[in-house]
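J.: Quick one: the structure is below, and I'll ask about it shortly.
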Number of protein chains: 4
Amino acid sequence: MRAVVYKKPFEVAVENVPDPRIQHPNDAIVRITSTCICGSDLHMYEGRTAAEPGIVFGHENLGIIQEVGPGVKERKVGDRVVMPFNVACGFCKNCLGGFTGFCTTVNPGFAGGAYGYVAMGPWVGGQAEYLQVPFADFNCLPLPPGTENEADFALLADIFCTGYHGAELAGVRPGESVAVFGAGPVGLMAAYSCIIRGAADVYVVDHVQARLDKAESIGAIPINYDASDPVEQIKERRGGSGADKGIDAVGYQATRPGSSAAGGEQDEAPNIVLNQLIEAVNPTGALGIPGLYVPSDPSGVDEGAKRGALSINFGKLFEKGLRLGTGQCNVKQYNAYLRDLIIAGRAKPSFVVSNEVSLDDAPDAYQKFDRRVEGYTKVVLHP
Amino acid sequence: MRAVVYKKPFEVAVENVPDPRIQHPNDAIVRITSTCICGSDLHMYEGRTAAEPGIVFGHENLGIIQEVGPGVKERKVGDRVVMPFNVACGFCKNCLGGFTGFCTTVNPGFAGGAYGYVAMGPWVGGQAEYLQVPFADFNCLPLPPGTENEADFALLADIFCTGYHGAELAGVRPGESVAVFGAGPVGLMAAYSCIIRGAADVYVVDHVQARLDKAESIGAIPINYDASDPVEQIKERRGGSGADKGIDAVGYQATRPGSSAAGGEQDEAPNIVLNQLIEAVNPTGALGIPGLYVPSDPSGVDEGAKRGALSINFGKLFEKGLRLGTGQCNVKQYNAYLRDLIIAGRAKPSFVVSNEVSLDDAPDAYQKFDRRVEGYTKVVLHP
Amino acid sequence: MRAVVYKKPFEVAVENVPDPRIQHPNDAIVRITSTCICGSDLHMYEGRTAAEPGIVFGHENLGIIQEVGPGVKERKVGDRVVMPFNVACGFCKNCLGGFTGFCTTVNPGFAGGAYGYVAMGPWVGGQAEYLQVPFADFNCLPLPPGTENEADFALLADIFCTGYHGAELAGVRPGESVAVFGAGPVGLMAAYSCIIRGAADVYVVDHVQARLDKAESIGAIPINYDASDPVEQIKERRGGSGADKGIDAVGYQATRPGSSAAGGEQDEAPNIVLNQLIEAVNPTGALGIPGLYVPSDPSGVDEGAKRGALSINFGKLFEKGLRLGTGQCNVKQYNAYLRDLIIAGRAKPSFVVSNEVSLDDAPDAYQKFDRRVEGYTKVVLHP
Amino acid sequence: MRAVVYKKPFEVAVENVPDPRIQHPNDAIVRITSTCICGSDLHMYEGRTAAEPGIVFGHENLGIIQEVGPGVKERKVGDRVVMPFNVACGFCKNCLGGFTGFCTTVNPGFAGGAYGYVAMGPWVGGQAEYLQVPFADFNCLPLPPGTENEADFALLADIFCTGYHGAELAGVRPGESVAVFGAGPVGLMAAYSCIIRGAADVYVVDHVQARLDKAESIGAIPINYDASDPVEQIKERRGGSGADKGIDAVGYQATRPGSSAAGGEQDEAPNIVLNQLIEAVNPTGALGIPGLYVPSDPSGVDEGAKRGALSINFGKLFEKGLRLGTGQCNVKQYNAYLRDLIIAGRAKPSFVVSNEVSLDDAPDAYQKFDRRVEGYTKVVLHP
């Protein structure tokens with residue numbers, strides 16, 4: 001089959017690779033119809049991970065079940081399904097607790113697995129014609145037949161759920177105010193999720209005008225951090241007070257004000273968003289941190305950053321009695337509920353999708369997405 | 001001052017009564033600018049309670065602080081404030097737990113107090129020019145100055161919060177389906193609250209077309225129970241399954257299908273909504289029951305109903321593993337958050353208000369509201 | 001193999017039945033070493049259900065894995081394991097929500113399955129030499145090798161978890177007071193669980209002195225309802241107030257004071273415990289109801305009881321703002337944690353076990369247990 | 001009256017100061033019978049804060065109400081009461097949310113107030129004969145009359161609740177394993193609280209043998225960090241895995257292994273416990289952090305520490321998906337429940353009290369406590 005294969009830093013190719021096959025009774029093979037490029041794919045694409053050439057990318061996958069193993073009970077050939085980016089078993093201690101992003105079965109020696117991602121287990125990516133899905137009854141979320149809402153549903157694999165996870169980690173409740181840092185796809189999904197959950201005032205901080213415009217279009221309040229200190233801007237709008245909750249949808253590749261949109265190592269300040277959130281949120285508040293932080297970053301800006309150690313204003317955080325939650329989204333916790341919001345017409349997350357192209361156009365799409373070419377904010381590939 | 005005084009069943013008058021005054025250091029006197037007639041006022045108006053002639057009605061009160069006692073710390077003369085219908089102290093065990101509807105301080109020998117309501121303590125009602133508010137720092141919710149959103153804010157005293165309480169008792173979460181029984185003011189507020197909280201599908205069951213139309217106007221799905229069994233209608237629309245959650249916004253004066261909208265004792269079936277909800281909600285679901293049930297109803301349809309004993313399909317409820325929550329709304333739990341939604345423009349609950357009239361028109365308004373004269377669904381009085 | 005087979009009301013026999021075998025890739029075959037007789041087995045034994053002759057009893061099963069299907073991933077031949085009485089798949093909507101007692105996969109057309117129980121699906125009981133366990137990775141809880149704590153671990157299949165479920169449904173928290181109705185095995189486990197969770201005062205209501213003595217031995221306060229009104233006894237001990245929380249560990253076969261311990265239909269009052277709990281618990285409190293209520297009881301005391309409709313003091317329940325939770329225990333929610341308490345030596349639930357006998361003695365044990373022969377409170381069979 | 005007055009670093013004196021008096025209608029004056037010296041008093045005593053000479057110390061206060069203002073409703077002269085160390089109003093947004101440690105009313109411009117503590121508002125300390133208590137209905141927790149359990153109840157003012165807060169912030173549940181760092185009074189109370197809440201395995205890390213012995217005496221597992229890496233010790237005992245939850249009862253004055261018990265600046269490593277906890281706790285776990293961290297520490301070991309910025313292994317924390325909660329204990333959330341555990345005989349926290357002396361002996365007691373003179377672990381003063 002055809003698949004997006006990583007060749008070397010800043011280069012992917014669409015090549016022939018072996019077809020996946022049923023290897024375990026609980027496997028299914030899914031024919032992919034939509035698969036997205038994720039911001040986290042760019043970490044590998046840019047060569048900032050240990051990913052080796054030859055890996056097939058793709059962890060945001062939707063398609064039609066082509067074949068099922070003899071152990072699969074409820075999912076059937078022909079079902080339209082979307083798969084969480086995190087591969088999970090459903091029966092280990094973490095899965096039982098709802099922490100399906102930290103499954104201890106699917107990636108021996110580590111808590112958490114994913115398709116097509118370095119160090120996340122043996123699971124081949126889905127930017128391809130077909131995908132092997134283990135524990136298919138658990139991992140395949142059924143969708144209505146047909147092709148309606150295809151792009152919306154594809155976002156259930158990762159970013160809609162990941163944005164929602166930010167709101168959940170922060171415990172966002174109706175009537176609250178929230179400061180969301182980052183208006184990339186995850187940040188926009190986080191802001192959108194806050195609004196779905198009934199937040200009163202949602203501030204979205206970024207410095208790319210097109211992203212801020214998207215945030216405003218869904219009812220959030222845009223804050224451009226290149227204009228002035230975003231914390232001060234939020235407090236000024238709130239009569240001197242901060243927000244009830246905060247969400248970090250940026251992660252460790254945060255940059256200082258004035259940096260170019262595409263980022264540059266010299267401008268990175270991996271702790272800046274965390275420390276701004278500590279200032280922006282009121283005492284007794286909470287932070288949801290879906291933005292990625294890593295324990296090892298060979299390209300980190302200093303010795304601490306290289307091993308994931310950041311200088312955090314912990315004294316201030318403690319004085320304010322803040323709580324925080326981190327980590328990969330447990331997609332399985334939310335995807336069925338968010339699917340039902342899409343079906344009911346109450347959520348339409350595909351407003352973040354900027355481009356839908358064929359699988360063969362993946363190399364070009366990666367290049368443009370990586371360079372933040374105007375408007376390339378979220379790409380869906382159709383094999 | 002002028003006030004709405006209960007004279008006898010089906011008769012109120014606007015009369016002169018003594019002005020309230022500061023009786024305790026923590027009291028405030030509020031000049032009322034908006035005060036609503038509540039469906040629960042009609043229980044007294046119709047003579048179905050032990051309320052004695054002379055009682056001043058009114059527990060949904062908003063106004064301007066006129067005077068404060070020497071113990072009042074944060075509220076100031078001139079503040080626009082709205083008071084929860086439940087009077088509460090803020091420091092008894094129940095108040096500390098957030099159960100301000102069950103304060104044990106303000107109504108000795110009973111858990112719960114209210115303004116202008118039989119058996120709810122010595123607190124004079126607010127359908128009047130002035131109101132004595134005890135524990136003013138705790139009971140006065142500050143509002144933005146001016147008169148903007150006056151009707152919306154007035155609904156924070158009771159029904160917006162009470163409807164929201166139904167959603168909270170049922171634990172309604174984003175993406176869930178909910179069956180709301182009753183499309184009176186509380187039912188509409190419950191449905192509205194479910195939508196604010198991100199519910200996917202909200203079914204509203206009633207048999208008054210105007211109410212069902214209002215439900216539909218906010219995005220709920222109207223179910224007319226005079227047309228056919230409402231449970232079957234809901235299941236049919238859901239492919240055979242029930243709803244995740246249910247809300248009873250009807251209470252003990254529930255009527256059988258085909259009863260006239262105004263009700264009549266012969267048609268009452270006080271257990272009908274509870275048993276329908278047990279059918280309408282899926283196994284593992286939950287019921288929120290803000291609709292009023294009473295331990296003594298001299299006009300009850302049978303011996304059990306007279307003492308508040310209802311025949312409940314408890315075997316079925318258990319088999320389905322349902323949970324349920326009941327009781328008066330703890331307004332203080334929600335009112336600040338819902339106020340902030342109104343201020344942010346994300347909630348506009350005054351869509352249920354049908355009439356705004358002067359205090360002097362109260363006798364006429366009571367009569368029309370009690371007879372459910374077309375369109376008289378929620379009346380705000382302005383002293 | 002040898003198994004306990006239901007012959008007719010009040011008669012079981014140990015007979016040869018076909019050996020179970022792997023029927024699905026995710027099945028395991030477990031060689032049973034301990035299997036308990038449950039109070040709910042007696043409903044079938046007494047002929048008060050639709051159970052037909054030939055059914056093999058036994059839903060509290062512990063043993064050693066003998067064989068696994070090719071889909072089983074983590075459980076191995078030789079593992080000592082205990083199975084929740086509820087058979088569950090791990091991936092349906094209810095299982096995903098933690099409601100494994102309401103699995104929709106394992107018993108088509110119904111939410112919930114169990115081993116060896118009428119209407120709970122095709123799963124043969126475990127009062128036998130071997131047991132077929134579906135979805136073995138999900139349903140087999142691993143235990144330390146050996147035979148230590150065998151009786152304690154066997155209680156993880158049902159009653160320790162079911163008692164704990166009562167405390168969970170009531171939301172029992174440290175420092176609270178709890179009224180537990182029923183001191184049978186489940187009631188004792190409920191009281192024990194409240195103490196484990198840090199409750200301050202636990203009242204246990206029964207009228208069998210031996211059971212009350214057991215309750216006292218674990219630090220609970222025994223209340224004999226034959227002596228006088230148990231609600232009054234509790235309130236007297238609490239200075240006039242009720243308890244924070246209540247647990248119904250009796251269910252629909254509740255009897256009036258003065259009835260013989262063995263019960264008799266003429267004495268049954270299926271709503272008595274529920275209505276006593278409504279009195280015994282303070283406003284704002286909550287009830288956990290693990291005690292069984294059924295939607296159909298042909299031997300019910302009146303027309304309502306026959307269809308599971310009970311006269312509940314709902315007006316009083318509402319006035320007090322009570323919450324309640326019901327239903328079969330979701331064993332999988334608790335069993336690993338309670339197992340770890342046993343391993344750590346902090347829980348020793350086997351204090352309720354009165355008799356350990358061989359499988360061949362089952363007919364005698366059933367007879368004595370059913371007649372509440374002195375001391376026959378909980379029997380473990382060893383095949 | 002006589003009171004403990006701070007003179008200069010390492011010196012306090014018992015001197016005459018003005019008697020407190022009713023200054024607001026909601027005030028009470030309490031005659032102190034027991035008042036403890038807290039580890040946090042030593043921060044001021046050692047001159048590591050901005051506390052100025054003349055301040056009266058004491059925030060762990062218990063006594064008899066001597067006088068009440070005209071606004072006080074429920075508390076009466078003669079009541080035995082214990083006061084949370086945090087002064088709170090009961091009606092500000094934070095108090096309403098249960099965050100009474102972050103009251104915005106009692107210490108203008110800051111969220112949180114306390115008796116006798118630098119920068120925590122105008123409230124004079126209670127290491128004295130009398131204490132002015134504002135909002136007396138809210139702040140005075142009534143106790144049984146008499147003198148029974150005096151030392152146990154005195155610990156409700158702070159450390160029993162603060163230890164419990166650690167368990168609450170970490171969400172410790174029955175059957176879980178917990179790593180508690182620090183076996184000072186708060187650490188011991190945290191471990192004790194975990195056990196009360198039903199934890200299965202509680203590891204307590206310290207290097208003072210007497211403290212570890214106390215931990216062992218309540219059923220915890222002592223881990224001496226001077227012996228070897230405490231994380232490795234815990235993992236070794238758990239078969240290679242970490243704990244479910246962690247509690248930091250040490251704070252910013254943490255020291256490296258091998259430091260003397262009394263600490264010394266050269267040995268401080270303010271981030272060491274946080275980073276050890278990140279290692280010690282399993283993925284999906286949570287940290288409760290009642291141990292104090294400050295935004296300004298002029299004696300900090302480096303530039304970061306001086307402004308409360310610590311190097312945290314945030315990449316690892318994120319990879320494990322950990323959550324954490326911080327901040328001063330909201331004593332009012334727990335004190336009534338923990339009081340009831342003491343009354344019921346289920347908690348006896350005074351096992352940490354090492355010395356009970358008269359108020360006049362305070363200078364000597366401070367000196368010995370500060371030097372960690374053998375056995376001086378927790379001192380109660382009796383005026």
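Identifiers in the structure tokens: chain A, B, ... in order shown; residue index from 1 per chain; ligand index from 1 in order shown.
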Name all residues at most 12 Å from Asp229 in chain B (count only C-alpha atoms; drop same-chain ones fewer than 6 positions away) and give them as a list in words.
T.: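 Near neighbours after the sequence-gap exclusion: Val205, Asp206, His207, Ile223, Lys235, Glu236, Arg256, Pro257, Gly258, Ile272, Val273, Gln276, Leu277, Glu279 and Ala280 of chain B.
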J.: Once you count only C-alpha atoms, which residues of chain B turn out to be within 8 Å of chain D? Could you give them as an NGL selection string?
T.: :B and (24-26 or 70-71 or 90-91 or 96 or 98 or 137-138)
J.: How would the residues just picked look written out with N, CA, C and O atoms as an mmCIF file, in the first residue's frame?
T.:
data_model
loop_
_atom_site.group_PDB
_atom_site.id
_atom_site.type_symbol
_atom_site.label_atom_id
_atom_site.label_comp_id
_atom_site.auth_asym_id
_atom_site.auth_seq_id
_atom_site.Cartn_x
_atom_site.Cartn_y
_atom_site.Cartn_z
ATOM 1 N N HIS B 24 -30.911 43.276 62.985
ATOM 2 C CA HIS B 24 -29.693 42.565 63.396
ATOM 3 C C HIS B 24 -28.527 43.247 62.675
ATOM 4 O O HIS B 24 -28.694 43.740 61.555
ATOM 5 N N PRO B 25 -27.349 43.284 63.302
ATOM 6 C CA PRO B 25 -26.232 44.003 62.664
ATOM 7 C C PRO B 25 -25.909 43.547 61.247
ATOM 8 O O PRO B 25 -25.349 44.316 60.467
ATOM 9 N N ASN B 26 -26.248 42.313 60.910
ATOM 10 C CA ASN B 26 -25.907 41.817 59.577
ATOM 11 C C ASN B 26 -27.028 41.995 58.565
ATOM 12 O O ASN B 26 -26.919 41.500 57.434
ATOM 13 N N PRO B 70 -24.587 47.519 61.030
ATOM 14 C CA PRO B 70 -23.164 47.768 61.318
ATOM 15 C C PRO B 70 -22.277 46.542 61.143
ATOM 16 O O PRO B 70 -21.055 46.666 61.102
ATOM 17 N N GLY B 71 -22.857 45.342 61.024
ATOM 18 C CA GLY B 71 -22.043 44.148 60.836
ATOM 19 C C GLY B 71 -21.768 43.844 59.377
ATOM 20 O O GLY B 71 -20.934 42.993 59.064
ATOM 21 N N GLY B 90 -24.779 30.902 56.018
ATOM 22 C CA GLY B 90 -23.412 30.797 55.535
ATOM 23 C C GLY B 90 -22.457 30.065 56.453
ATOM 24 O O GLY B 90 -21.319 29.801 56.074
ATOM 25 N N PHE B 91 -22.906 29.711 57.656
ATOM 26 C CA PHE B 91 -21.933 29.081 58.565
ATOM 27 C C PHE B 91 -22.432 27.811 59.244
ATOM 28 O O PHE B 91 -21.674 27.151 59.939
ATOM 29 N N LEU B 96 -22.163 25.306 54.997
ATOM 30 C CA LEU B 96 -20.743 25.044 54.736
ATOM 31 C C LEU B 96 -20.561 23.980 53.650
ATOM 32 O O LEU B 96 -19.611 24.019 52.887
ATOM 33 N N GLY B 98 -22.415 23.697 51.165
ATOM 34 C CA GLY B 98 -22.976 24.204 49.912
ATOM 35 C C GLY B 98 -24.483 24.040 49.827
ATOM 36 O O GLY B 98 -25.103 24.461 48.857
ATOM 37 N N ASP B 137 -24.150 40.133 53.712
ATOM 38 C CA ASP B 137 -22.934 39.829 52.952
ATOM 39 C C ASP B 137 -23.056 38.488 52.245
ATOM 40 O O ASP B 137 -22.514 38.292 51.158
ATOM 41 N N PHE B 138 -23.753 37.565 52.893
ATOM 42 C CA PHE B 138 -23.897 36.240 52.304
ATOM 43 C C PHE B 138 -25.047 36.202 51.292
ATOM 44 O O PHE B 138 -24.930 35.561 50.244
#
J.: I'd like the contact shell of Tyr376 in chain C - 10 Å cut-off, only C-alpha atoms, skipping same-chain residues fewer than 3 positions apart - returned as a list in words.
T.: Val352, Val353, Ser354, Asn355, Ala365, Tyr366, Gln367, Lys368, Phe369, Asp370, Arg371, Arg372, Val373 and Val379 of chain C
J.: What would the file look like if the residues just selected were written as a PDB file, in the first residue's frame with N, CA and C atoms?
T.:
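File again-v1.pdb, as written:
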ATOM      1  N   VAL C 352     -16.669 -12.526  58.005  1.00  0.00           N
ATOM      2  CA  VAL C 352     -18.078 -12.914  57.803  1.00  0.00           C
ATOM      3  C   VAL C 352     -18.251 -14.362  57.391  1.00  0.00           C
ATOM      4  N   VAL C 353     -17.167 -15.018  56.994  1.00  0.00           N
ATOM      5  CA  VAL C 353     -17.294 -16.405  56.529  1.00  0.00           C
ATOM      6  C   VAL C 353     -17.517 -17.318  57.732  1.00  0.00           C
ATOM      7  N   SER C 354     -18.582 -18.073  57.685  1.00  0.00           N
ATOM      8  CA  SER C 354     -18.905 -18.946  58.817  1.00  0.00           C
ATOM      9  C   SER C 354     -18.528 -20.394  58.554  1.00  0.00           C
ATOM     10  N   ASN C 355     -18.533 -20.791  57.280  1.00  0.00           N
ATOM     11  CA  ASN C 355     -18.318 -22.204  56.970  1.00  0.00           C
ATOM     12  C   ASN C 355     -17.564 -22.373  55.669  1.00  0.00           C
ATOM     13  N   ALA C 365     -25.319 -27.432  52.760  1.00  0.00           N
ATOM     14  CA  ALA C 365     -25.001 -26.036  53.089  1.00  0.00           C
ATOM     15  C   ALA C 365     -26.122 -25.105  52.627  1.00  0.00           C
ATOM     16  N   TYR C 366     -26.661 -25.374  51.433  1.00  0.00           N
ATOM     17  CA  TYR C 366     -27.778 -24.537  50.956  1.00  0.00           C
ATOM     18  C   TYR C 366     -28.944 -24.591  51.935  1.00  0.00           C
ATOM     19  N   GLN C 367     -29.248 -25.819  52.358  1.00  0.00           N
ATOM     20  CA  GLN C 367     -30.389 -25.995  53.245  1.00  0.00           C
ATOM     21  C   GLN C 367     -30.202 -25.228  54.551  1.00  0.00           C
ATOM     22  N   LYS C 368     -29.017 -25.354  55.120  1.00  0.00           N
ATOM     23  CA  LYS C 368     -28.775 -24.693  56.403  1.00  0.00           C
ATOM     24  C   LYS C 368     -28.706 -23.165  56.254  1.00  0.00           C
ATOM     25  N   PHE C 369     -28.086 -22.739  55.184  1.00  0.00           N
ATOM     26  CA  PHE C 369     -27.965 -21.296  54.952  1.00  0.00           C
ATOM     27  C   PHE C 369     -29.363 -20.702  54.743  1.00  0.00           C
ATOM     28  N   ASP C 370     -30.185 -21.422  53.975  1.00  0.00           N
ATOM     29  CA  ASP C 370     -31.521 -20.907  53.693  1.00  0.00           C
ATOM     30  C   ASP C 370     -32.356 -20.801  54.958  1.00  0.00           C
ATOM     31  N   ARG C 371     -32.166 -21.762  55.839  1.00  0.00           N
ATOM     32  CA  ARG C 371     -32.931 -21.748  57.103  1.00  0.00           C
ATOM     33  C   ARG C 371     -32.269 -20.877  58.162  1.00  0.00           C
ATOM     34  N   ARG C 372     -31.196 -20.179  57.785  1.00  0.00           N
ATOM     35  CA  ARG C 372     -30.439 -19.370  58.744  1.00  0.00           C
ATOM     36  C   ARG C 372     -30.104 -20.196  59.982  1.00  0.00           C
ATOM     37  N   VAL C 373     -29.743 -21.453  59.761  1.00  0.00           N
ATOM     38  CA  VAL C 373     -29.321 -22.269  60.896  1.00  0.00           C
ATOM     39  C   VAL C 373     -28.177 -21.532  61.595  1.00  0.00           C
ATOM     40  N   VAL C 379     -21.069 -19.126  53.387  1.00  0.00           N
ATOM     41  CA  VAL C 379     -20.453 -20.423  53.118  1.00  0.00           C
ATOM     42  C   VAL C 379     -19.550 -20.346  51.892  1.00  0.00           C
TER      43      VAL C 379
END
J.: Measuring atom to atom with only C-alpha atoms, identify which of D:Thr49, D:Gln127, D:Thr162, D:Thr147 is nearest to Arg80 in chain D.
T.: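 That would be D:Thr147, the residue with the smallest distance to Arg80 in chain D.
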J.: Run DSSP on the backbone and grab whatever in range 233-337 of chain B lands in strand (DSSP E or B); send it over as a short mmCIF file (atom, residue, chain, number, x, y, z; two decimals) with N, CA, C and O atoms, in the first residue's frame.
T.:
data_model
loop_
_atom_site.label_atom_id
_atom_site.label_comp_id
_atom_site.auth_asym_id
_atom_site.auth_seq_id
_atom_site.Cartn_x
_atom_site.Cartn_y
_atom_site.Cartn_z
N ALA B 243 -32.74 8.12 27.17
CA ALA B 243 -31.82 9.23 27.36
C ALA B 243 -30.81 8.88 28.45
O ALA B 243 -31.03 8.00 29.28
N ASP B 244 -29.70 9.60 28.44
CA ASP B 244 -28.68 9.38 29.48
C ASP B 244 -29.16 9.89 30.84
O ASP B 244 -28.85 9.29 31.87
N LYS B 245 -29.86 10.98 30.83
CA LYS B 245 -30.25 11.63 32.07
C LYS B 245 -31.70 12.12 31.97
O LYS B 245 -32.23 12.25 30.85
N GLY B 246 -32.31 12.39 33.12
CA GLY B 246 -33.67 12.90 33.11
C GLY B 246 -33.85 13.97 34.17
O GLY B 246 -33.17 13.96 35.20
N ILE B 247 -34.77 14.89 33.92
CA ILE B 247 -35.07 15.96 34.88
C ILE B 247 -36.58 16.06 35.05
O ILE B 247 -37.32 16.11 34.06
N ASP B 248 -37.01 16.08 36.29
CA ASP B 248 -38.43 16.24 36.61
C ASP B 248 -38.65 17.70 37.03
O ASP B 248 -38.29 18.09 38.14
N THR B 255 -50.05 15.78 35.87
CA THR B 255 -51.37 15.35 35.39
C THR B 255 -51.24 14.32 34.28
O THR B 255 -50.21 14.21 33.62
N GLU B 268 -54.95 14.65 38.42
CA GLU B 268 -53.61 14.57 38.97
C GLU B 268 -53.14 13.12 39.15
O GLU B 268 -53.90 12.25 39.55
N VAL B 281 -35.12 6.90 30.95
CA VAL B 281 -33.67 7.04 31.12
C VAL B 281 -33.01 5.66 31.05
O VAL B 281 -33.54 4.67 31.54
N ASN B 282 -31.85 5.62 30.43
CA ASN B 282 -31.13 4.35 30.24
C ASN B 282 -30.54 3.83 31.55
O ASN B 282 -30.27 4.61 32.46
N PRO B 283 -30.30 2.52 31.61
CA PRO B 283 -29.55 1.98 32.75
C PRO B 283 -28.25 2.75 32.96
O PRO B 283 -27.61 3.16 31.99
N THR B 284 -27.90 2.95 34.20
CA THR B 284 -26.73 3.71 34.68
C THR B 284 -26.97 5.22 34.66
O THR B 284 -26.07 5.98 35.02
N GLY B 285 -28.16 5.64 34.28
CA GLY B 285 -28.46 7.06 34.20
C GLY B 285 -28.78 7.68 35.54
O GLY B 285 -28.68 7.05 36.60
N ALA B 286 -29.16 8.96 35.49
CA ALA B 286 -29.45 9.69 36.72
C ALA B 286 -30.59 10.66 36.49
O ALA B 286 -30.78 11.17 35.38
N LEU B 287 -31.34 10.91 37.55
CA LEU B 287 -32.48 11.82 37.51
C LEU B 287 -32.22 13.02 38.42
O LEU B 287 -31.84 12.85 39.59
N GLY B 288 -32.47 14.19 37.90
CA GLY B 288 -32.46 15.41 38.72
C GLY B 288 -33.90 15.83 38.94
O GLY B 288 -34.67 15.93 37.98
N ILE B 289 -34.26 16.05 40.18
CA ILE B 289 -35.66 16.28 40.52
C ILE B 289 -35.81 17.59 41.27
O ILE B 289 -35.91 17.61 42.50
N ALA B 309 -46.71 9.99 50.08
CA ALA B 309 -46.24 8.65 49.74
C ALA B 309 -46.70 8.30 48.33
O ALA B 309 -47.90 8.29 48.05
N LEU B 310 -45.76 8.01 47.46
CA LEU B 310 -46.09 7.74 46.06
C LEU B 310 -45.65 6.33 45.68
O LEU B 310 -44.65 5.83 46.18
N SER B 311 -46.42 5.75 44.78
CA SER B 311 -46.07 4.41 44.29
C SER B 311 -45.03 4.54 43.18
O SER B 311 -45.34 5.00 42.07
N ILE B 312 -43.82 4.17 43.50
CA ILE B 312 -42.69 4.34 42.58
C ILE B 312 -42.24 2.97 42.09
O ILE B 312 -42.16 2.02 42.88
N ASN B 313 -41.92 2.90 40.81
CA ASN B 313 -41.44 1.62 40.26
C ASN B 313 -39.98 1.41 40.67
O ASN B 313 -39.06 1.48 39.86
N ARG B 323 -29.55 6.60 39.64
CA ARG B 323 -29.33 7.49 40.77
C ARG B 323 -30.31 8.65 40.66
O ARG B 323 -30.74 8.99 39.56
N LEU B 324 -30.63 9.27 41.77
CA LEU B 324 -31.47 10.46 41.68
C LEU B 324 -31.12 11.45 42.78
O LEU B 324 -30.63 11.07 43.84
N GLY B 325 -31.34 12.72 42.48
CA GLY B 325 -31.12 13.79 43.45
C GLY B 325 -32.35 14.67 43.48
O GLY B 325 -33.01 14.86 42.45
N THR B 326 -32.68 15.16 44.67
CA THR B 326 -33.90 15.92 44.85
C THR B 326 -33.64 17.19 45.64
O THR B 326 -32.54 17.42 46.14
#
J.: Looking only at the backbone, which of the residues in range 124-364 of chain C does DSSP tag as alpha helix (DSSP H), as a PyMOL selection string?
T.: chain C and resi 136-139+150-154+159-169+185-196+209-217+230-237+272-280+303-306+314-319+335-343+362-364
J.: What is the CA of Val301 in chain C to CA of Lys316 in chain C distance in Å?
T.: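 These two atoms are separated by 23.9 Å.
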J.: Determine, counting only C-alpha atoms, which protein, DNA and RNA residues have an atom within 10 Å of an atom of Gly163 in chain B; residues of the same chain fewer than 4 positions away are not included. Present the result as a VMD selection string.
T.: chain B and resid 158 to 159 167 to 168 185 to 194 247 to 249 288 to 291 329
J.: Record the distance separating CA of Val180 in chain B and CA of Pro145 in chain A, expressed in Å with one decimal.
T.: 29.3 Å
J.: What lies within 12 Å of Pro383 in chain C using only C-alpha atoms, ignoring chain neighbours under 5 positions off, as a list in words?
T.: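 Those residues are Met1, Arg2, Ala3, Val4, Val14, Arg31, Ile32, Thr33, Ser34, Thr35, Cys36, Gly58, Asn61, Leu62, Gly63, Gly126, Gln127, Ala128, Glu129, Tyr130, Leu131, Glu356, Val357, Ser358, Leu359, Asp360, Asp361 and Ala362 of chain C.
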J.: Just give me the gap between CA of Val5 in chain D and CA of Ala154 in chain D in Å, one decimal is fine.
T.: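 So the answer is 20.7 Å.
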J.: Can you work out which one of B:Pro349, B:Gly375, B:Gly239, B:Pro363 has the shortest atom-to-atom distance to Tyr45 in chain B, counting only C-alpha atoms?
T.: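 Result for the nearest residue to Tyr45 in chain B: B:Pro363.
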